[in-house]
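Comments concern the structure below.
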Amino acid sequence: MTKRAAVYARYSSNLQSPTSIEDQVAMAKRFCDRQGWTMVNVFSDYEKTGRNTRRPGFQAMKRAADNMEFDIVVVEDIDRLNRKLTDALRIYDILTFQSIELHSLEQGKQDFLKVLFAGYGAQLLSEKIGQKTRRGMQGAVTRQRLHTSAYGYRKVEVETGLNREIDLEQAAIVHRIFREFASGRSSAAIAEGLNLDKVPAPRGGSWDGSTIRGNPATGEGILRNQLYIGIASVCRNTHTYHPETLMKKIRPSPDKLVEQEIPELRLIEQPLWNAVQAELARRGAATPRAARAARRKSYLLSGLLICGCCGAPYVMSNRTSYGCREARKKACNNTVFISRRRIETRVFDALRQAFRSPALIASFEAALKAERKKLSGGTVKAQRDRLKAALTKAKAGRENILNAIAEGAPYAAFKARTDVLEREITELTTRLSDLEARIAQSAEVQEDARVIYERALQQMETLLSDPELVDEAHGYLATLIQEVTLTPDETALNGIAAVLSLASGVFPDTANAADGGTRISC
């Protein structure tokens with residue numbers, strides 16, 4: 001049978017040509033033809049670093065591998081897949097587990113040692129490229145050559161000297177933002193006004209308050225950009241990726257920061273800049289750090305509610321209700337609000353029904369039956385006897401020490417051993433007490449498993465509803481729920497329909513994403 005091949009191609013920088021992908025695929029196609037393989041799929045990532053595995057094309061290839069959609073993966077070289085040794089070995093393990101071969105145009109079929117050495121080489125090269133890039137940017141800025149773009153400027157194609165100039169149209173918007181903020185308007189209100197006036201955002205889409213306000217820790221954001229007062233800077237922050245969650249982390253790197261005065265690029269006069277910085281500091285002091293950190297998870301469904309019209313999050317728009325974030329900025333027409341308590345009740349109702357699925361109840365009954373069998377048999381009672389024997393031995397040891405001290409032995413010589421025995425006696429007593437309680441309970445009239453299960457559901461809802469446990473409860477919900485999509489619907493109660501998408505693998509016999517998730521009736 002002809003083997004099925006998938007091709008993965010990637011290039012990392014906007015300085016490279018997009019045709020790089022086409023070239024990689026064409027070479028891989030010729031390679032497959034020579035081997036007699038059928039190329040069944042192509043996965044690609046444009047302008048994506050190989051140091052981050054959260055690339056759409058790379059993740060799509062992994063999902064297809066899990067589904068056994070091909071027999072071979074072909075890449076130009078291992079560094080197209082990953083630029084970190086650990087990531088290279090991880091994808092090799094995944095493919096090997098699925099009996100999928102990995103081939104590169106440079107080295108042919110890959111085995112563990114080839115991937116190990118190639119992955120290590122790719123990581124070293126990536127680190128060296130990063131160092132050279134940083135050194136090049138640091139040197140270039142001193143020659144008034146900028147490699148990054150900022151709103152309010154446009155690129156100038158010149159061989160030497162300053163390669164940016166002021167964009168008068170965007171500069172007027174920057175002035176507007178600074179003047180309005182200094183006069184007391186919030187960044188969210190400024191963003192709303194820009195969206196109402198149909199002003200294009202720096203990277204497309206709609207304006208957001210965070211784009212304007214920025215982050216004080218990293219010095220990012222329009223109101224904090226020193227280029228507007230003629231000071232260019234590079235390497236202010238370092239970007240890294242968490243090895244498990246793959247989330248990007250931005251850290252200040254003052255040891256690498258290089259600044260250069262470029263008076264020709266000043267947009268904002270110094271008094272206005274000073275007024276804005278003072279206003280940022282005043283507002284920051286009025287919002288304690290703890291309150292800012294807690295705000296993200298002040299509500300059970302924070303980050304789980306999605307607008308069905310634009311895909312943006314539903315956020316708390318007033319003291320009682322959620323609304324579309326983009327609608328607040330006048331960038332979405334979905335202006336329907338929903339009470340926080342009402343949507344929480346509806347989500348709980350849907351989760352309750354999901355937990356009452358026959359498969360989950362059957363699993364609970366089986367686990368309970370196994371536990372009861374263990375309690376009624378000799379396993380737990382034997383464990384109790386072992387704990388009793390250990391407790392008797394520990395108490396005897398303590399008694400011997402006390403007798404020795406009573407006969408004149410120095411207490412200091414036995415203090416450390418006495419402390420160990422006291423901790424051991426306390427721990428054994430606690431464990432024995434818990435075990436005795438379990439054995440006694442097993443001897444009582446046993447409740448029906450479904451009654452116990454229903455009581456557990458009610459206790460879960462009590463936990464999730466406790467205002468003191470919102471942050472913890474939010475974490476639990478996030479493991480059960482992918483998202484809740486809210487869409488205006490005049491026929492639905494309160495004018496909004498909701499679709500709950502449950503986490504895959506948690507509820508085995510409920511609807512999945514393929515059929516739209518579990519619908520919450522309104």
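Within each chain, counting starts at residue 1; across the structure tokens, chains are named A, B, ... in the order shown, with ligands numbered 1 upward in that order.
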
Show which residues sit within 7 Å of region 158-170 of chain A, as a ChimeraX atom specification. Count only C-alpha atoms, and ignore same-chain residues fewer than 4 positions away.
/A:143-146,151-154,174,265

Generate a file of the selected residues that holds N, CA and C atoms, formatted as a JSON list (two decimals), in the first residue's frame.
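Output file again.json is given in full below:
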[["chain", "number", "residue", "atom", "x", "y", "z"],
["A", 143, "ARG", "N", 22.65, 54.22, 15.31],
["A", 143, "ARG", "CA", 22.82, 54.84, 13.99],
["A", 143, "ARG", "C", 21.48, 55.33, 13.44],
["A", 144, "GLN", "N", 20.48, 55.40, 14.33],
["A", 144, "GLN", "CA", 19.13, 55.86, 13.99],
["A", 144, "GLN", "C", 18.44, 54.94, 12.97],
["A", 145, "ARG", "N", 18.74, 53.64, 13.09],
["A", 145, "ARG", "CA", 18.08, 52.64, 12.25],
["A", 145, "ARG", "C", 17.17, 51.80, 13.15],
["A", 146, "LEU", "N", 15.87, 51.87, 12.91],
["A", 146, "LEU", "CA", 14.90, 51.16, 13.75],
["A", 146, "LEU", "C", 14.40, 49.91, 13.03],
["A", 151, "TYR", "N", 3.05, 53.01, 16.07],
["A", 151, "TYR", "CA", 1.93, 53.79, 15.52],
["A", 151, "TYR", "C", 2.32, 55.27, 15.51],
["A", 152, "GLY", "N", 2.10, 55.91, 14.37],
["A", 152, "GLY", "CA", 2.46, 57.32, 14.22],
["A", 152, "GLY", "C", 3.64, 57.55, 13.30],
["A", 153, "TYR", "N", 4.25, 56.43, 12.85],
["A", 153, "TYR", "CA", 5.43, 56.53, 11.99],
["A", 153, "TYR", "C", 5.29, 55.59, 10.79],
["A", 154, "ARG", "N", 6.05, 55.86, 9.77],
["A", 154, "ARG", "CA", 6.12, 54.95, 8.62],
["A", 154, "ARG", "C", 7.57, 54.77, 8.21],
["A", 174, "VAL", "N", -2.41, 60.15, 17.71],
["A", 174, "VAL", "CA", -1.58, 60.06, 18.92],
["A", 174, "VAL", "C", -1.79, 61.30, 19.78],
["A", 265, "LEU", "N", 11.90, 62.51, 15.55],
["A", 265, "LEU", "CA", 10.72, 61.65, 15.70],
["A", 265, "LEU", "C", 9.82, 62.08, 16.86]]

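Every protein or nucleic acid residue with an atom no more than 12 Å from Ser183 (chain A), counting only C-alpha atoms and leaving out same-chain residues fewer than 5 positions away, appears here: Arg176, Ile177, Phe178, Ile190, Leu272, Ala275, Val276, Ala278, Glu279 and Leu280 of chain A.
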
Which polymer residues have any atom within 7 Å of an atom of region 92-100 of chain A, counting only C-alpha atoms, with same-chain residues fewer than 4 positions away left out, as a list in words?
Ala65, Asp71, Ile72 and Ala88 of chain A

Write to file, as a tab-separated table (two decimals), in the first residue's frame, the residues of the selection just made, with N, CA and C atoms.
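Saved the output as again05.tsv:
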chain	number	residue	atom	x	y	z
A	65	ALA	N	-1.89	13.81	13.29
A	65	ALA	CA	-1.09	12.63	13.65
A	65	ALA	C	-1.84	11.77	14.66
A	71	ASP	N	1.23	8.62	7.27
A	71	ASP	CA	2.22	7.64	7.76
A	71	ASP	C	3.61	8.24	7.91
A	72	ILE	N	3.83	9.39	7.26
A	72	ILE	CA	5.17	9.99	7.23
A	72	ILE	C	5.02	11.51	7.33
A	88	ALA	N	11.82	19.21	20.05
A	88	ALA	CA	12.13	18.29	18.95
A	88	ALA	C	11.98	16.84	19.40

Residues within 7 Å of Ile231 (chain A), only C-alpha atoms, excluding chain neighbours under 5 positions, as a VMD selection string
chain A and resid 226 259 to 262

Restricted to C-alpha atoms, what would the selected residues look like written as a PDB file, in the first residue's frame?
ATOM      1  CA  GLN A 226       9.104  57.212  24.672  1.00  0.00           C
ATOM      2  CA  GLU A 259      18.251  54.129  24.164  1.00  0.00           C
ATOM      3  CA  GLN A 260      19.005  56.753  21.541  1.00  0.00           C
ATOM      4  CA  GLU A 261      17.682  60.299  21.235  1.00  0.00           C
ATOM      5  CA  ILE A 262      16.174  61.053  17.811  1.00  0.00           C
TER       6      ILE A 262
END

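Of the residues under consideration (A:Leu387, A:Leu351, A:Leu116, A:Cys309), A:Cys309 shows the shortest atom-to-atom contact distance to Thr335 (chain A) when counting only C-alpha atoms.
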
Determine which residues of region 78-280 of chain A receive a DSSP assignment of helix (DSSP H, G or I), computed from the backbone, and state them as number ranges by chain.
A: 78-81, 85-97, 112-142, 168-182, 187-196, 209-213, 222-224, 226-229, 263-265, 270-280
